[in-house]
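*Asks:* Just one file: my_file11.txt, with compact mmCIF, C-alpha atoms.
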```txt
# COMPACT_ATOMS: atom_id res chain seq x y z
CA MET A 1 -37.28 -12.78 -42.08
CA GLU A 2 -33.53 -13.10 -41.98
CA ILE A 3 -33.26 -10.16 -39.64
CA ILE A 4 -35.00 -12.25 -36.99
CA ILE A 5 -32.15 -14.76 -36.67
CA PRO A 6 -29.42 -12.42 -35.36
CA PHE A 7 -32.03 -10.76 -33.23
CA ILE A 8 -32.94 -14.05 -31.62
CA ILE A 9 -29.32 -15.17 -31.23
CA LEU A 10 -28.09 -11.95 -29.65
CA GLY A 11 -31.21 -11.39 -27.64
CA GLY A 12 -31.13 -14.96 -26.41
CA LEU A 13 -27.46 -14.78 -25.46
CA ALA A 14 -27.93 -11.46 -23.72
CA LEU A 15 -30.86 -12.86 -21.80
CA ILE A 16 -28.90 -15.96 -20.76
CA PHE A 17 -25.94 -13.87 -19.62
CA ALA A 18 -28.23 -11.47 -17.81
CA ILE A 19 -29.85 -14.32 -15.91
CA ILE A 20 -26.47 -15.92 -15.08
CA LEU A 21 -25.05 -12.59 -13.90
CA ALA A 22 -28.15 -11.80 -11.89
CA ILE A 23 -28.02 -15.16 -10.13
CA ALA A 24 -24.26 -14.82 -9.60
CA GLY A 25 -24.80 -11.34 -8.27
CA ILE A 26 -27.10 -12.66 -5.58
CA LYS A 27 -25.13 -15.82 -4.80
CA LEU A 28 -21.73 -14.18 -4.81
CA ALA A 29 -22.73 -10.95 -3.15
CA VAL A 30 -20.14 -9.89 -0.63
CA VAL A 31 -22.04 -9.09 2.52
CA GLN A 32 -20.58 -6.12 4.22
CA ASP A 33 -21.83 -5.05 7.58
CA LYS A 34 -23.31 -1.58 7.31
CA ARG A 35 -21.86 -0.75 10.68
CA VAL A 36 -18.32 -0.99 9.27
CA GLU A 37 -18.91 2.14 7.25
CA GLN A 38 -20.46 4.00 10.16
CA VAL A 39 -17.63 3.07 12.49
CA TYR A 40 -15.07 3.96 9.85
CA GLY A 41 -16.66 7.38 9.52
CA LEU A 42 -16.31 8.00 13.23
CA LEU A 43 -12.69 6.92 13.56
CA SER A 44 -10.07 9.61 13.37
CA GLY A 45 -9.05 8.50 9.88
CA ALA A 46 -5.40 9.04 10.65
CA ASN A 47 -4.23 5.60 9.49
CA CYS A 48 -1.48 5.90 12.10
CA GLY A 49 -1.33 2.17 12.83
CA GLY A 50 -1.37 2.70 16.58
CA CYS A 51 -4.01 -0.01 16.95
CA GLY A 52 -1.91 -2.61 15.15
CA TYR A 53 -4.19 -2.86 12.11
CA ALA A 54 -3.47 -1.79 8.56
CA GLY A 55 -5.26 1.51 8.67
CA CYS A 56 -8.58 2.71 10.01
CA GLU A 57 -10.65 0.70 7.53
CA ALA A 58 -9.17 -2.60 8.69
CA PHE A 59 -9.58 -1.49 12.29
CA ALA A 60 -13.26 -0.61 11.72
CA LYS A 61 -13.81 -4.08 10.29
CA ALA A 62 -12.06 -5.72 13.22
CA LEU A 63 -14.14 -3.64 15.62
CA VAL A 64 -17.43 -4.73 14.11
CA GLU A 65 -16.30 -8.34 14.03
CA GLY A 66 -15.39 -8.09 17.67
CA LYS A 67 -11.72 -8.84 17.11
CA ALA A 68 -10.57 -5.49 18.43
CA GLY A 69 -11.65 -3.15 21.18
CA ILE A 70 -12.34 0.52 20.77
CA ASN A 71 -9.76 1.27 23.43
CA ASP A 72 -7.04 0.04 21.09
CA CYS A 73 -7.32 3.25 19.11
CA PRO A 74 -5.27 6.00 20.68
CA SER A 75 -6.14 8.80 18.31
CA THR A 76 -9.95 8.90 18.09
CA SER A 77 -11.60 11.50 20.28
CA LYS A 78 -13.59 10.43 23.32
CA GLU A 79 -16.92 11.62 21.92
CA SER A 80 -16.46 9.60 18.74
CA LYS A 81 -15.51 6.57 20.78
CA GLU A 82 -18.75 6.87 22.72
CA GLN A 83 -20.73 6.97 19.47
CA ILE A 84 -18.86 3.92 18.21
CA ALA A 85 -19.59 2.11 21.44
CA ASN A 86 -23.29 2.89 20.88
CA ILE A 87 -23.13 1.31 17.44
CA ILE A 88 -21.24 -1.85 18.22
CA GLY A 89 -21.81 -2.23 21.93
CA GLY A 90 -19.01 -2.66 24.42
CA GLU A 91 -17.62 -0.26 26.91
CA ILE A 92 -15.06 2.45 26.81
CA LYS A 93 -12.36 2.04 29.34
CA GLU A 94 -11.28 5.18 31.04
CA LEU A 95 -7.68 5.24 30.04
CA GLU A 96 -5.31 7.37 31.97
CA GLU A 97 -4.55 10.27 29.75
CA THR A 98 -0.94 10.58 28.85
CA ILE A 99 1.31 12.82 26.87
CA VAL A 100 4.49 11.93 25.08
CA VAL A 101 7.71 13.81 25.70
CA CYS A 102 11.25 13.43 24.49
CA THR A 103 13.46 12.69 27.49
CA CYS A 104 16.56 14.28 26.06
CA ASN A 105 17.34 17.94 25.73
CA GLY A 106 20.89 17.63 24.49
CA GLY A 107 20.96 18.01 20.76
CA LYS A 108 23.52 20.62 19.74
CA ARG A 109 24.46 21.20 23.36
CA CYS A 110 25.68 17.63 23.56
CA LEU A 111 29.05 16.75 21.99
CA ASP A 112 29.29 14.65 18.85
CA LYS A 113 31.18 11.38 18.78
CA TYR A 114 31.61 11.52 15.04
CA GLU A 115 30.09 13.23 12.06
CA TYR A 116 27.68 10.99 10.25
CA GLN A 117 27.72 11.30 6.52
CA GLY A 118 25.41 9.22 4.46
CA TYR A 119 21.97 7.92 3.92
CA GLY A 120 19.67 6.82 6.67
CA ASP A 121 17.65 7.74 9.71
CA CYS A 122 18.13 7.44 13.47
CA ALA A 123 17.99 3.64 13.33
CA SER A 124 20.88 3.33 10.90
CA ILE A 125 22.93 5.95 12.76
CA GLU A 126 22.27 4.06 15.98
CA LEU A 127 23.76 0.94 14.41
CA LEU A 128 27.03 2.76 13.84
CA ALA A 129 28.73 2.74 17.25
CA GLY A 130 25.51 3.54 19.10
CA GLY A 131 24.68 6.85 17.52
CA ARG A 132 26.60 9.98 16.69
CA LYS A 133 26.22 11.65 20.06
CA ALA A 134 28.81 11.26 22.79
CA CYS A 135 25.97 10.59 25.23
CA PRO A 136 24.75 6.97 25.03
CA THR A 137 21.18 8.14 25.59
CA GLY A 138 21.34 11.32 23.55
CA CYS A 139 18.77 12.21 20.90
CA ILE A 140 20.35 11.53 17.52
CA GLY A 141 18.21 14.19 15.93
CA ALA A 142 17.81 12.60 12.51
CA GLY A 143 14.06 12.71 12.82
CA LYS A 144 12.89 9.11 12.85
CA CYS A 145 10.04 10.22 15.15
CA THR A 146 9.17 13.04 12.75
CA ASP A 147 9.01 10.60 9.86
CA VAL A 148 6.68 8.13 11.56
CA CYS A 149 4.32 10.73 13.02
CA ALA A 150 1.16 10.83 10.94
CA PHE A 151 0.05 14.02 12.64
CA HIS A 152 3.15 16.16 12.13
CA ALA A 153 3.31 16.55 15.88
CA VAL A 154 6.98 15.75 16.39
CA ASP A 155 9.67 17.94 14.96
CA ILE A 156 13.41 18.35 15.25
CA LEU A 157 13.77 22.04 15.96
CA GLY A 158 16.82 24.29 16.04
CA ASP A 159 18.27 22.61 19.12
CA GLY A 160 18.58 19.30 17.31
CA VAL A 161 16.28 17.38 19.61
CA ALA A 162 12.78 16.07 19.07
CA VAL A 163 10.03 18.31 20.38
CA VAL A 164 6.43 17.11 20.65
CA ASN A 165 3.71 19.56 19.80
CA GLN A 166 1.15 18.52 22.42
CA LYS A 167 -1.69 20.21 20.59
CA LYS A 168 -1.27 17.96 17.57
CA CYS A 169 -0.21 14.77 19.33
CA THR A 170 -2.86 12.04 19.54
CA GLN A 171 -0.87 9.50 21.61
CA CYS A 172 -0.72 6.95 18.81
CA GLY A 173 2.67 5.82 20.08
CA ASN A 174 4.46 5.47 16.75
CA CYS A 175 7.33 7.67 17.87
CA VAL A 176 7.60 5.76 21.16
CA ILE A 177 8.15 2.56 19.22
CA SER A 178 10.34 4.02 16.52
CA CYS A 179 12.97 5.82 18.62
CA PRO A 180 16.07 3.60 18.67
CA LYS A 181 17.14 5.23 21.94
CA ASN A 182 13.73 4.82 23.59
CA LEU A 183 13.68 8.50 24.43
CA MET A 184 10.02 9.14 23.68
CA LYS A 185 8.23 8.44 26.95
CA ARG A 186 4.64 8.57 28.07
CA ILE A 187 3.98 10.61 31.19
CA PRO A 188 0.62 11.45 32.81
CA ALA A 189 -1.26 14.26 31.09
CA LYS A 190 -1.42 16.28 34.30
CA ALA A 191 2.37 16.53 34.43
CA LYS A 192 3.67 20.05 34.11
CA VAL A 193 7.37 19.32 34.50
CA TYR A 194 9.52 16.46 33.34
CA ILE A 195 13.13 15.42 33.35
CA ALA A 196 14.60 15.89 29.90
CA CYS A 197 17.62 13.65 30.31
CA SER A 198 17.97 9.89 30.29
CA ASN A 199 21.65 9.56 31.18
CA HIS A 200 22.11 7.63 34.42
CA GLY A 201 25.86 8.35 34.48
CA LYS A 202 27.90 10.19 37.12
CA GLY A 203 27.80 13.98 37.21
CA LYS A 204 31.33 14.51 35.95
CA GLU A 205 30.95 12.22 32.97
CA VAL A 206 27.66 13.78 31.97
CA ARG A 207 28.94 17.32 32.36
CA SER A 208 31.95 16.56 30.16
CA ILE A 209 29.78 15.63 27.18
CA CYS A 210 26.54 17.58 27.61
CA LYS A 211 25.76 21.06 28.88
CA VAL A 212 22.18 20.20 29.76
CA GLY A 213 22.55 16.67 31.07
CA CYS A 214 21.38 15.67 34.52
CA ILE A 215 24.37 15.49 36.84
CA GLY A 216 22.44 13.75 39.58
CA CYS A 217 23.07 16.49 42.15
CA GLY A 218 19.73 15.96 43.89
CA LEU A 219 18.96 19.67 44.31
CA CYS A 220 15.50 19.13 42.89
CA VAL A 221 14.79 16.52 45.56
CA LYS A 222 15.82 18.97 48.26
CA VAL A 223 13.89 21.91 46.87
CA CYS A 224 10.67 19.94 46.40
CA GLU A 225 8.38 20.64 49.35
CA ASP A 226 5.95 17.85 48.55
CA ASN A 227 8.46 14.99 48.31
CA ALA A 228 7.32 14.40 44.75
CA ILE A 229 10.84 13.77 43.49
CA THR A 230 13.11 10.87 44.36
CA MET A 231 16.54 10.09 42.97
CA VAL A 232 16.68 6.69 41.32
CA ASP A 233 19.97 5.58 39.79
CA GLY A 234 21.23 9.09 39.18
CA LEU A 235 18.06 10.55 37.72
CA PRO A 236 15.10 12.23 39.42
CA VAL A 237 11.78 10.40 39.23
CA PHE A 238 8.58 12.41 39.54
CA ASP A 239 5.50 11.33 41.42
CA TYR A 240 2.93 13.40 39.56
CA ASP A 241 0.23 12.63 42.10
CA LYS A 242 2.15 14.63 44.69
CA CYS A 243 3.47 17.37 42.41
CA ILE A 244 1.69 20.71 42.88
CA ASN A 245 3.36 22.40 39.91
CA CYS A 246 5.32 24.88 41.99
CA LYS A 247 8.10 24.78 39.37
CA LYS A 248 10.77 25.25 42.03
CA CYS A 249 12.74 22.31 40.67
CA VAL A 250 12.78 23.91 37.22
CA GLU A 251 14.32 27.08 38.65
CA LYS A 252 16.77 25.29 40.87
CA CYS A 253 18.16 22.69 38.45
CA PRO A 254 21.75 23.70 37.70
CA SER A 255 21.78 21.97 34.31
CA LYS A 256 18.33 23.25 33.32
CA CYS A 257 17.30 19.75 32.38
CA ILE A 258 13.95 19.78 34.16
CA LEU A 259 11.62 21.27 31.61
CA ASN A 260 8.41 23.18 32.04
CA LEU A 261 5.53 22.00 29.87
CA ASP A 262 3.38 25.11 30.20
CA MET B 1 3.45 -32.50 -28.78
CA ASN B 2 5.83 -30.70 -31.07
CA PHE B 3 2.91 -28.78 -32.48
CA TYR B 4 1.99 -27.40 -29.07
CA ILE B 5 5.53 -26.18 -28.40
CA VAL B 6 5.56 -24.38 -31.73
CA LEU B 7 2.14 -22.99 -30.93
CA ILE B 8 3.32 -21.56 -27.62
CA ILE B 9 6.53 -20.08 -29.04
CA ASN B 10 4.53 -18.65 -31.90
CA ALA B 11 2.03 -16.97 -29.60
CA ILE B 12 4.64 -15.58 -27.21
CA PHE B 13 7.41 -14.47 -29.54
CA ILE B 14 6.76 -14.73 -33.25
CA ASN B 15 3.23 -13.39 -33.33
CA ASN B 16 3.48 -11.46 -30.10
CA PHE B 17 0.17 -9.72 -29.68
CA VAL B 18 1.52 -6.30 -28.89
CA LEU B 19 4.78 -6.14 -30.74
CA SER B 20 3.95 -8.07 -33.91
CA GLN B 21 0.22 -7.74 -34.29
CA PHE B 22 -0.19 -4.32 -32.67
CA LEU B 23 -3.20 -5.27 -30.61
CA GLY B 24 -3.76 -4.16 -27.03
CA ILE B 25 -1.55 -1.09 -27.41
CA CYS B 26 -3.66 0.96 -25.01
CA PRO B 27 -2.83 -0.97 -21.81
CA PHE B 28 0.66 -1.60 -23.20
CA LEU B 29 1.34 2.13 -23.03
CA GLY B 30 -1.06 3.04 -20.27
CA VAL B 31 -0.18 0.55 -17.55
CA SER B 32 3.55 0.17 -18.13
CA LYS B 33 4.86 2.85 -15.80
CA LYS B 34 5.73 0.47 -13.00
CA THR B 35 6.74 -3.17 -13.23
CA ASP B 36 4.43 -4.38 -10.49
CA THR B 37 1.29 -2.87 -11.98
CA ALA B 38 2.40 -4.13 -15.39
CA LEU B 39 2.74 -7.61 -13.94
CA GLY B 40 -0.75 -7.35 -12.36
CA MET B 41 -2.23 -6.33 -15.68
CA GLY B 42 -0.33 -9.11 -17.43
CA PHE B 43 -1.67 -11.80 -15.11
CA ALA B 44 -5.20 -10.48 -15.46
CA VAL B 45 -4.86 -10.64 -19.26
CA ILE B 46 -3.48 -14.21 -19.19
CA PHE B 47 -6.37 -15.21 -16.98
CA VAL B 48 -9.10 -13.63 -19.09
CA MET B 49 -7.57 -14.65 -22.43
CA GLY B 50 -7.32 -18.27 -21.31
CA ILE B 51 -10.93 -18.48 -20.17
CA ALA B 52 -12.28 -16.32 -23.00
CA SER B 53 -10.66 -18.63 -25.60
CA ILE B 54 -12.52 -21.61 -24.18
CA ILE B 55 -15.91 -19.91 -24.01
CA THR B 56 -15.64 -18.19 -27.38
CA TYR B 57 -14.60 -21.46 -28.99
CA ALA B 58 -17.82 -23.01 -27.71
CA MET B 59 -19.73 -19.96 -28.94
CA SER B 60 -18.23 -20.24 -32.42
CA LEU B 61 -19.35 -23.85 -32.60
CA LEU B 62 -22.84 -22.68 -31.74
CA LEU B 63 -22.71 -19.99 -34.42
CA ASP B 64 -21.47 -22.56 -36.96
CA ILE B 65 -24.49 -24.72 -36.27
CA LEU B 66 -26.83 -21.76 -36.67
CA ASP B 67 -24.90 -20.71 -39.79
CA ALA B 68 -24.46 -17.18 -38.44
CA GLN B 69 -20.66 -16.69 -38.49
CA TYR B 70 -21.12 -13.05 -39.41
CA LEU B 71 -22.26 -12.42 -35.83
CA ARG B 72 -18.93 -13.57 -34.39
CA THR B 73 -17.47 -10.20 -33.42
CA ILE B 74 -20.51 -8.85 -31.66
CA VAL B 75 -21.25 -12.15 -29.90
CA PHE B 76 -17.65 -12.43 -28.74
CA ILE B 77 -17.71 -8.92 -27.31
CA LEU B 78 -20.88 -9.80 -25.43
CA VAL B 79 -19.38 -13.05 -24.14
CA ILE B 80 -16.14 -11.43 -23.02
CA ALA B 81 -17.92 -8.59 -21.25
CA ALA B 82 -20.22 -10.97 -19.40
CA LEU B 83 -17.33 -13.27 -18.60
CA VAL B 84 -15.16 -10.53 -17.14
CA GLN B 85 -18.08 -9.40 -15.03
CA LEU B 86 -18.61 -12.91 -13.73
CA VAL B 87 -14.92 -13.49 -13.08
CA GLU B 88 -14.78 -10.22 -11.18
CA MET B 89 -17.65 -11.31 -8.94
CA VAL B 90 -16.10 -14.70 -8.28
CA ILE B 91 -12.70 -13.22 -7.41
CA LYS B 92 -14.29 -10.58 -5.19
CA LYS B 93 -16.12 -13.29 -3.29
CA PHE B 94 -13.41 -15.92 -2.95
CA SER B 95 -10.15 -14.01 -3.05
CA PRO B 96 -10.43 -10.41 -1.88
CA SER B 97 -6.66 -10.07 -1.88
CA LEU B 98 -6.38 -11.04 -5.55
CA TYR B 99 -9.30 -8.71 -6.25
CA SER B 100 -7.56 -5.75 -4.69
CA ALA B 101 -4.29 -6.71 -6.43
CA LEU B 102 -5.87 -6.80 -9.90
CA GLY B 103 -7.98 -3.78 -9.03
CA VAL B 104 -9.14 -1.67 -11.92
CA TYR B 105 -7.32 -3.76 -14.54
CA LEU B 106 -9.84 -6.56 -14.51
CA PRO B 107 -12.80 -4.54 -15.85
CA LEU B 108 -10.39 -2.66 -18.13
CA ILE B 109 -9.69 -5.90 -19.96
CA THR B 110 -13.24 -5.97 -21.30
CA THR B 111 -12.25 -3.26 -23.71
CA ASN B 112 -8.88 -4.75 -24.51
CA CYS B 113 -8.84 -5.53 -28.21
CA ALA B 114 -6.17 -8.18 -27.69
CA VAL B 115 -8.72 -10.37 -25.92
CA LEU B 116 -11.21 -10.02 -28.74
CA GLY B 117 -8.35 -10.52 -31.19
CA VAL B 118 -7.28 -13.83 -29.69
CA ALA B 119 -10.88 -15.03 -29.62
CA ILE B 120 -11.43 -14.28 -33.28
CA MET B 121 -8.03 -15.51 -34.46
CA ASN B 122 -8.59 -18.77 -32.62
CA VAL B 123 -11.50 -19.61 -34.87
CA THR B 124 -10.24 -18.06 -38.11
CA ASN B 125 -6.46 -18.58 -38.25
CA PHE B 126 -6.15 -22.31 -37.63
CA VAL B 127 -6.77 -24.91 -40.26
CA LYS B 128 -8.16 -27.27 -37.68
CA VAL B 129 -8.91 -26.07 -34.19
CA ASN B 130 -10.00 -27.80 -31.03
CA LEU B 131 -10.64 -26.73 -27.46
CA LEU B 132 -7.11 -27.45 -26.22
CA ILE B 133 -5.40 -25.59 -29.07
CA SER B 134 -7.71 -22.66 -28.55
CA PHE B 135 -6.99 -22.52 -24.82
CA ILE B 136 -3.22 -22.90 -25.20
CA ASN B 137 -3.12 -20.22 -27.86
CA GLY B 138 -5.16 -17.90 -25.67
CA ALA B 139 -3.07 -18.38 -22.54
CA ALA B 140 0.23 -18.19 -24.44
CA SER B 141 -0.88 -14.99 -26.14
CA GLY B 142 -1.53 -13.61 -22.68
CA VAL B 143 1.99 -14.60 -21.65
CA GLY B 144 3.30 -12.80 -24.73
CA PHE B 145 1.38 -9.69 -23.74
CA THR B 146 2.76 -9.92 -20.19
CA LEU B 147 6.30 -10.30 -21.51
CA ALA B 148 5.97 -7.25 -23.73
CA ILE B 149 4.37 -5.00 -21.10
CA LEU B 150 6.86 -6.13 -18.45
CA LEU B 151 9.84 -5.41 -20.73
CA LEU B 152 8.51 -1.95 -21.53
CA ALA B 153 7.77 -1.22 -17.86
CA GLY B 154 11.33 -2.21 -16.92
CA ILE B 155 12.77 0.06 -19.60
CA ARG B 156 10.53 2.94 -18.57
CA GLU B 157 11.59 2.61 -14.95
CA ARG B 158 15.19 2.94 -16.05
CA LEU B 159 14.30 5.86 -18.29
CA GLU B 160 13.00 7.81 -15.30
CA ARG B 161 16.55 8.10 -14.06
CA SER B 162 18.30 8.68 -17.34
CA GLN B 163 18.82 11.88 -19.23
CA VAL B 164 16.37 12.06 -22.08
CA PRO B 165 16.48 15.05 -24.43
CA GLU B 166 13.76 17.49 -23.42
CA PRO B 167 11.48 17.10 -26.48
CA PHE B 168 11.50 13.31 -26.13
CA LYS B 169 10.63 13.10 -22.46
CA GLY B 170 7.64 11.01 -21.47
CA PHE B 171 5.48 9.52 -24.19
CA PRO B 172 7.58 10.27 -27.29
CA ILE B 173 10.54 8.25 -26.05
CA THR B 174 8.17 5.49 -24.91
CA LEU B 175 6.71 5.24 -28.39
CA ILE B 176 10.19 5.14 -29.91
CA ILE B 177 11.13 2.36 -27.51
CA ALA B 178 7.98 0.44 -28.34
CA GLY B 179 8.92 0.73 -32.00
CA VAL B 180 12.46 -0.51 -31.38
CA MET B 181 11.10 -3.41 -29.31
CA SER B 182 8.73 -4.26 -32.12
CA MET B 183 11.61 -4.33 -34.60
CA ALA B 184 13.57 -6.57 -32.24
CA PHE B 185 10.63 -8.96 -32.02
CA ALA B 186 10.34 -8.96 -35.82
CA ALA B 187 13.56 -10.95 -35.80
CA PHE B 188 11.65 -13.90 -34.32
CA SER B 189 9.65 -14.20 -37.52
CA GLY B 190 12.72 -15.72 -39.12
CA MET B 191 12.61 -18.72 -36.82
CA VAL B 192 12.42 -22.02 -38.64
CA PHE B 193 11.15 -25.22 -37.06
```
As a first step, turn the structure in this file into structure tokens.

*Replies:*
Amino acid sequence: MEIIIPFIILGGLALIFAIILAIAGIKLAVVQDKRVEQVYGLLSGANCGGCGYAGCEAFAKALVEGKAGINDCPSTSKESKEQIANIIGGEIKELEETIVVCTCNGGKRCLDKYEYQGYGDCASIELLAGGRKACPTGCIGAGKCTDVCAFHAVDILGDGVAVVNQKKCTQCGNCVISCPKNLMKRIPAKAKVYIACSNHGKGKEVRSICKVGCIGCGLCVKVCEDNAITMVDGLPVFDYDKCINCKKCVEKCPSKCILNLD
Amino acid sequence: MNFYIVLIINAIFINNFVLSQFLGICPFLGVSKKTDTALGMGFAVIFVMGIASIITYAMSLLLDILDAQYLRTIVFILVIAALVQLVEMVIKKFSPSLYSALGVYLPLITTNCAVLGVAIMNVTNFVKVNLLISFINGAASGVGFTLAILLLAGIRERLERSQVPEPFKGFPITLIIAGVMSMAFAAFSGMVF
């Protein structure tokens, strides 16, 4: 008979714990909206942080809870966004499609102010007398934009300036925020040419420090037959609605600082 | 009051669970690669040891009444496993951030022999034991475990950057260090109150 006692004690305890845990399991169940998982599956999964949330999972949760809009995500494809909108409701805004370009083409063709030796990225070099380049708006070329890009779309190539691979870029905007010189700019996706210089200085000054800096000569304005270019403060500004992609400005530019995107 | 101070010092230093009694060696070696994970594990152990001491004390009273002390070990394992499960649910519900911080360590503690050790020693090692003594001993033992694992994690982080002879790299040198730490803690046993 003695064998019964431990059997009863252990069996009884196990039963009590099982009941407590079962009740706790129901009472303390964490309700998770099934839609969160579906939405998460449809997002690009890049965890780029372009939406301002800590990764795609947090963004999916915010979407389902209605705290965020689907348009906040720059990197999910349009088809996926439509599917997400079907799940959670809400409308997709037609955003103007943009591309990101680096508005400096100097790099090694631009003179150095000093040689930077030490640890750090563009931001820390920028703190030291405004960067290592003689040009105040010259690409430092230490690759801060490369570091922050989750898609490996920005790279510092042989010329020492950032180049965006438009095929990989998803417009998340991390490089736009990270560049201490604010050189990464959004331009309309239909643009075929852009001005790859940000120096507003006089022609002589620019020429003395950079071989490919805009000298503000205005030849591009003259050669443009559609009046798509205007000179503003020493730099040409493109009106991409008028531009017909004739590429005459690219050919004519004496500094070769208007770049062709094709 | 004096008794409680001695009790705490005893649990943390003199009879340190890892370095003097050699219990809970598995997480001591397994989770001591980084100080922050070591700290997370340490806090989880303090938490579970403190609560487990209270519950298992009540259980031992129950077993005393039923005159079935020989069932202690198996009942305690059952209690601790159920308790950890319950605690995990509660934390998941009320503090998701703490839940994600403790992560996998919380369920790991179920199989930590130090927790079972403190539960059994609470009811066997003291001449006269009550609920408060049992709880203080449990929580202080957890602090001792945290201290040991944190010290080892700190040393191991430094070791990563130092030149260790090739045959000793990794676990061998860690075991040697654990041994040296244990010898250092043995010095506490000479404390007189």

*Asks:* Please report as a PyMOL selection string which residues of chain A come no farther than 10 Å from chain B, using all atoms listed in the file.

*Replies:* chain A and resi 5-6+9-10+13-14+17-18+20-22+24-25+27-31

*Asks:* Nearest to Lys81 (chain A): which of A:Leu63, A:Ile244, A:Cys104, A:Ile125 is it, counting all atoms listed in the file?

*Replies:*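 Closest to Lys81 (chain A), using all atoms listed in the file: A:Leu63.
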
*Asks:* Considering only C-alpha atoms, can you say which of A:Lys133, A:Cys179, A:Leu43, A:Val100 comes closest to Lys113 (chain A)?

*Replies:*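 Checking each candidate against Lys113 (chain A), we get A:Lys133 as the closest.
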
*Asks:* Extract, using only C-alpha atoms, all DNA, RNA and protein residues at most 6 Å from Asp155 (chain A), discarding same-chain residues fewer than 6 positions from it, and format them as a ChimeraX atom specification.

*Replies:* /A:146,162-163

*Asks:* Identify, on the basis of only C-alpha atoms, every residue whose closest approach to Gly66 (chain A) does not exceed 12 Å; exclude the query and any residue fewer than 2 positions from it along the same chain; express the result as a PyMOL selection string.

*Replies:* chain A and resi 36+59-64+68-70+85+88-90

*Asks:* Of the candidates B:Tyr105, B:Phe22, B:Phe135, B:Tyr4, which shows the shortest atom-to-atom distance to Ser53 (chain B), using all atoms listed in the file?

*Replies:*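 Comparing B:Tyr105, B:Phe22, B:Phe135, B:Tyr4 against Ser53 (chain B), the winner is B:Phe135.
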
*Asks:* Do a neighbour search on Gly42 (chain B) at 8 Å with only C-alpha atoms, toss out local chain neighbours closer than 5 positions, and write the hits as a ChimeraX atom specification.

*Replies:* /B:142-143,145-147,149-150

*Asks:* Would you compute the distance between CA of Val115 (chain B) and CA of Met49 (chain B)? Give it in Å to one decimal.

*Replies:* 5.6 Å

*Asks:* Pick out the residues sitting within 10 Å of Arg186 (chain A), and hand them over as a list of chain:residue names; count all atoms listed in the file, and ignore anything fewer than 2 positions along from it in its own chain.

*Replies:*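 The contact residues come out as A:Glu97, A:Thr98, A:Ile99, A:Val100, A:Val101, A:Cys102, A:Thr103, A:Gln171, A:Gly173, A:Val176, A:Leu183, A:Met184, A:Pro188, A:Ala189.
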
*Asks:* What's the separation between CA of Cys249 (chain A) and CA of Cys220 (chain A), in Å to one decimal place?

*Replies:*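 These atoms are spaced 4.8 Å apart.
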
*Asks:* Could you tell me, as number ranges by chain, which residues have any atom at most 12 Å from (22.5, 25.2, 38.3), counting all atoms listed in the file?

*Replies:* A: 207, 211-220, 249-258

*Asks:* Between CA of Gly143 (chain A) and CA of Val161 (chain A), what is the spacing in Å?

*Replies:*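 One can read the CA of Val161 (chain A) to CA of Gly143 (chain A) distance as 8.5 Å.
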
*Asks:* Using only C-alpha atoms, determine which residues lie at most 9 Å from Cys169 (chain A), disregarding the query and same-chain residues fewer than 3 positions distant; provide the list as a count of residues only.

*Replies:* 12

*Asks:* With all atoms listed in the file as the atoms that count, which of B:Ile77, B:Leu159, B:Met41, B:Leu106 lies nearest to Pro27 (chain B)?

*Replies:*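 The answer is B:Met41, which sits nearest to Pro27 (chain B).
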
*Asks:* Just checking: using all atoms listed in the file, which residue out of A:Gly107, A:Lys167, A:Tyr116, A:Lys181 ends up closest to Cys145 (chain A)?

*Replies:*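 Counting all atoms listed in the file, the residue closest to Cys145 (chain A) is A:Lys181.
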
*Asks:* Considering only C-alpha atoms, state which residue in the set A:Cys246, A:Leu235, A:Cys48, A:Ile140 is at the smallest distance from Lys202 (chain A).

*Replies:*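 Closest to Lys202 (chain A), using only C-alpha atoms: A:Leu235.
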
*Asks:* Please fill the gaps in region 132-136 of chain A so it has N, CA, C and O atoms, and write that as a PDB file, in the coordinates of the input.

*Replies:*
```
ATOM      1  N   ARG A 132      25.523   9.008  16.929  1.00  0.00           N
ATOM      2  CA  ARG A 132      26.600   9.980  16.690  1.00  0.00           C
ATOM      3  C   ARG A 132      26.880  10.858  17.886  1.00  0.00           C
ATOM      4  O   ARG A 132      27.849  11.619  17.904  1.00  0.00           O
ATOM      5  N   LYS A 133      26.004  10.793  18.903  1.00  0.00           N
ATOM      6  CA  LYS A 133      26.220  11.650  20.060  1.00  0.00           C
ATOM      7  C   LYS A 133      27.144  10.976  21.066  1.00  0.00           C
ATOM      8  O   LYS A 133      27.150   9.759  21.221  1.00  0.00           O
ATOM      9  N   ALA A 134      27.907  11.795  21.769  1.00  0.00           N
ATOM     10  CA  ALA A 134      28.810  11.260  22.790  1.00  0.00           C
ATOM     11  C   ALA A 134      28.012  10.610  23.912  1.00  0.00           C
ATOM     12  O   ALA A 134      28.465   9.664  24.548  1.00  0.00           O
ATOM     13  N   CYS A 135      26.821  11.144  24.168  1.00  0.00           N
ATOM     14  CA  CYS A 135      25.970  10.590  25.230  1.00  0.00           C
ATOM     15  C   CYS A 135      25.283   9.319  24.732  1.00  0.00           C
ATOM     16  O   CYS A 135      24.666   9.336  23.663  1.00  0.00           O
ATOM     17  N   PRO A 136      25.374   8.221  25.497  1.00  0.00           N
ATOM     18  CA  PRO A 136      24.750   6.970  25.030  1.00  0.00           C
ATOM     19  C   PRO A 136      23.232   7.050  24.960  1.00  0.00           C
ATOM     20  O   PRO A 136      22.614   6.242  24.292  1.00  0.00           O
TER      21      PRO A 136
END
```
